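One structure is given here, and the rest of the page talks about it.
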Amino acid sequence: MFGNKSSKENIWSVSGLTDYLKKLLEDDPQLSPVILKGEISNFHHHSSGHMYFTLKDKKTQLKAVMFRGYNQRLDFTPEEGMSVIAQGKVSIYPARGEYQIYIHSMEPDGIGSLHLAYEQLKERLEKEGLFKEEFKKPIPKIPAKVGVVTSATGAALRDIISVAKRRFSNLSLLIAPSQVQGKGAGDNLVKGIEILNESDVDVIIIGRGGGSIEDLWAFNKEKVARAIFESKIPVISAVGHETDLTIVDFVADLRAPTPSAAAELVASNREEVKRYLDRLENNLYTSIDNRITRYKDLLARLQDNRAFVLLRDKIRDYIQEVDELSISLERNFKLGLERRKERLEGIVGKLNSLSPLNTLARGYALARDGSGKSIASINGIKEKEEVNLLLKDGEIICRVEKIIES
Amino acid sequence: MDKELSFEEALKGLEEVVESLERGDLTLDQSLDFFEKGVGLTKFCSDSLEKAEGKIEIIKEEAGKSVIEEFNYSNEGEE
């Protein structure tokens, strides 16, 4: 095709050449996608929503465009002088015959840019209200199951497990393994939060061990912050060391300085609650005891009241009187009995002296008829009838021979 | 006891019961009712505390589906 350069049929049109080169650039597998590092200059955010700027290094510069559909997904606002890593495709803008990079995604690069992007996002989300206290969900006092979003092989997970085992062996963990740095880490963390929101965990710990701001960058991603904000389950952030602050720390319902501290928090809470519960239980029993004691005291006080005392004394007086009466009754009764006994003995003596037996002793006899009746007259007595004579030492059975009336 | 009762609610209920008993403006009958309620709430709370199972599990992707497996840290190696 390029063999005969003098041939008229082989003369390019401007458009033709441009289109050809454009296709060449777009089809090169080395350049799709292209990942490019550079510094932003001549930044212009057009009213159409598209962004136009230049990426440069010390020697060279390159036109860059980021269309609205892509730049809406940016975590940060590109600024003059900011170092970035951009991904996209290289092509040619035919109208000016300029080659340029069409950027699909872009990240701040280098400590300065990262700090700048961090400050930007922090300010934006703060303005939007994502860090407000009123949106913080309470951390359950005694979570039975804790979700953990972190690397399955990282030190953070090892620390969390060891604390959970040491402090409270019954705490259950559900791990949603996630990349915590590098490309895709942000999406991974978001997915971890979402998947745990569909589980039965009571609280989520999201974190990783310490590192540089680049290492921790996934925890400064807007989408991660929003996933935490949207989480229905309370989230505890546990990123890096105490001095590392990330966007995730601001949006989380609670910030733990380290992963171990997060685990201590959920585990030791439990011990604390157990102690508190013991104290409440103790107070419950003490208060009812006090109450009953109070009623008992009140009752005792009432019993010592003057009215009761008078009544009680009166009752005691009555009791004494009854006792005395009963003693005198007994005494009187005995006395009466003895008197009666004496009287009876007197009567018996008299009776004795009147007894016919005494008369018999003096030589008299008592006459009785057959039926045992004493005979006081001759009337009723017939001759030949049997008569009984009672003497002092026996009886004589007699037959009547003759009756002489005197 | 209400099945829907959360630990936090039960603990709050117990706090209120103890507070009422300590305040002392209840009749003896009311006190005993509150005390009985307090004993029930105490039991509910201690039972909740003993409930956790101590399992360590990990969510894994298998054929595009999430499955939960037991996690054995010592077998997973270190970074």
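Just remember, in the structure tokens the first chain shown is A, the second B, etc., residues are 1-based per chain, and ligands are 1-based in the order shown.
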
Do me a favour and pick out the residues of chain B within 8 Å of chain A, using only C-alpha atoms, as a ChimeraX atom specification. /B:7-8,11,14-15,17-18,21-22,24,28,31-32,35,38-39,42,45-46,49-60,73,76-79

Keeping C-alpha atoms for every residue in the selection just given, could you write it to a file as a PDB file, in the first residue's frame?
ATOM      1  CA  PHE B   7     -31.143  -6.756  74.999  1.00  0.00           C
ATOM      2  CA  GLU B   8     -30.957  -2.965  75.111  1.00  0.00           C
ATOM      3  CA  LEU B  11     -31.641  -3.576  80.161  1.00  0.00           C
ATOM      4  CA  LEU B  14     -34.502  -3.264  84.286  1.00  0.00           C
ATOM      5  CA  GLU B  15     -32.932   0.148  84.950  1.00  0.00           C
ATOM      6  CA  VAL B  17     -37.651  -1.074  87.513  1.00  0.00           C
ATOM      7  CA  VAL B  18     -34.701  -0.614  89.873  1.00  0.00           C
ATOM      8  CA  LEU B  21     -38.099   0.550  93.478  1.00  0.00           C
ATOM      9  CA  GLU B  22     -35.356   2.796  94.812  1.00  0.00           C
ATOM     10  CA  GLY B  24     -39.919   4.213  96.952  1.00  0.00           C
ATOM     11  CA  LEU B  28     -45.987  -2.889  98.713  1.00  0.00           C
ATOM     12  CA  SER B  31     -43.155  -3.077  94.643  1.00  0.00           C
ATOM     13  CA  LEU B  32     -43.530  -6.829  94.553  1.00  0.00           C
ATOM     14  CA  PHE B  35     -39.557  -6.837  91.679  1.00  0.00           C
ATOM     15  CA  GLY B  38     -37.114  -7.083  87.411  1.00  0.00           C
ATOM     16  CA  VAL B  39     -36.189 -10.688  88.116  1.00  0.00           C
ATOM     17  CA  THR B  42     -32.458  -9.871  84.729  1.00  0.00           C
ATOM     18  CA  CYS B  45     -30.369 -10.149  80.005  1.00  0.00           C
ATOM     19  CA  SER B  46     -28.057 -12.799  81.431  1.00  0.00           C
ATOM     20  CA  LEU B  49     -25.164 -12.516  77.371  1.00  0.00           C
ATOM     21  CA  GLU B  50     -24.594 -16.258  77.243  1.00  0.00           C
ATOM     22  CA  LYS B  51     -26.148 -16.611  73.786  1.00  0.00           C
ATOM     23  CA  ALA B  52     -23.181 -15.967  71.435  1.00  0.00           C
ATOM     24  CA  GLU B  53     -21.655 -19.033  69.842  1.00  0.00           C
ATOM     25  CA  GLY B  54     -17.989 -18.114  69.323  1.00  0.00           C
ATOM     26  CA  LYS B  55     -17.889 -19.210  65.668  1.00  0.00           C
ATOM     27  CA  ILE B  56     -15.394 -17.699  63.224  1.00  0.00           C
ATOM     28  CA  GLU B  57     -16.593 -17.854  59.621  1.00  0.00           C
ATOM     29  CA  ILE B  58     -15.618 -16.377  56.276  1.00  0.00           C
ATOM     30  CA  ILE B  59     -17.685 -15.486  53.215  1.00  0.00           C
ATOM     31  CA  LYS B  60     -16.263 -17.039  50.056  1.00  0.00           C
ATOM     32  CA  TYR B  73      -6.683 -18.617  60.525  1.00  0.00           C
ATOM     33  CA  GLU B  76      -4.721 -19.169  55.697  1.00  0.00           C
ATOM     34  CA  GLY B  77      -1.084 -18.139  55.937  1.00  0.00           C
ATOM     35  CA  GLU B  78       0.164 -14.653  56.518  1.00  0.00           C
ATOM     36  CA  GLU B  79       0.843 -11.641  54.364  1.00  0.00           C
TER      37      GLU B  79
END

If DSSP is run on the backbone, what residues of region 53-290 of chain A are strand (DSSP E)? A reply as an MDAnalysis selection string would be ideal. chainID A and resid 53:56 61:66 83:93 98:108 145:150 172:177 203:208 235:239 254:255

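Our summary of the geometry notes that CA of Ile92 (chain A) is positioned 7.4 Å from CA of Thr18 (chain A).
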
Rounded to one decimal in Å, what is the spacing between CA of Glu79 (chain A) and CA of Gln100 (chain A)?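 Calculated distance between CA of Glu79 (chain A) and CA of Gln100 (chain A) is 19.0 Å.
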
I need the residues in chain B that are alpha helix (DSSP H) according to DSSP; give them as a VMD selection string. chain B and resid 7 to 23 28 to 50 73 to 76
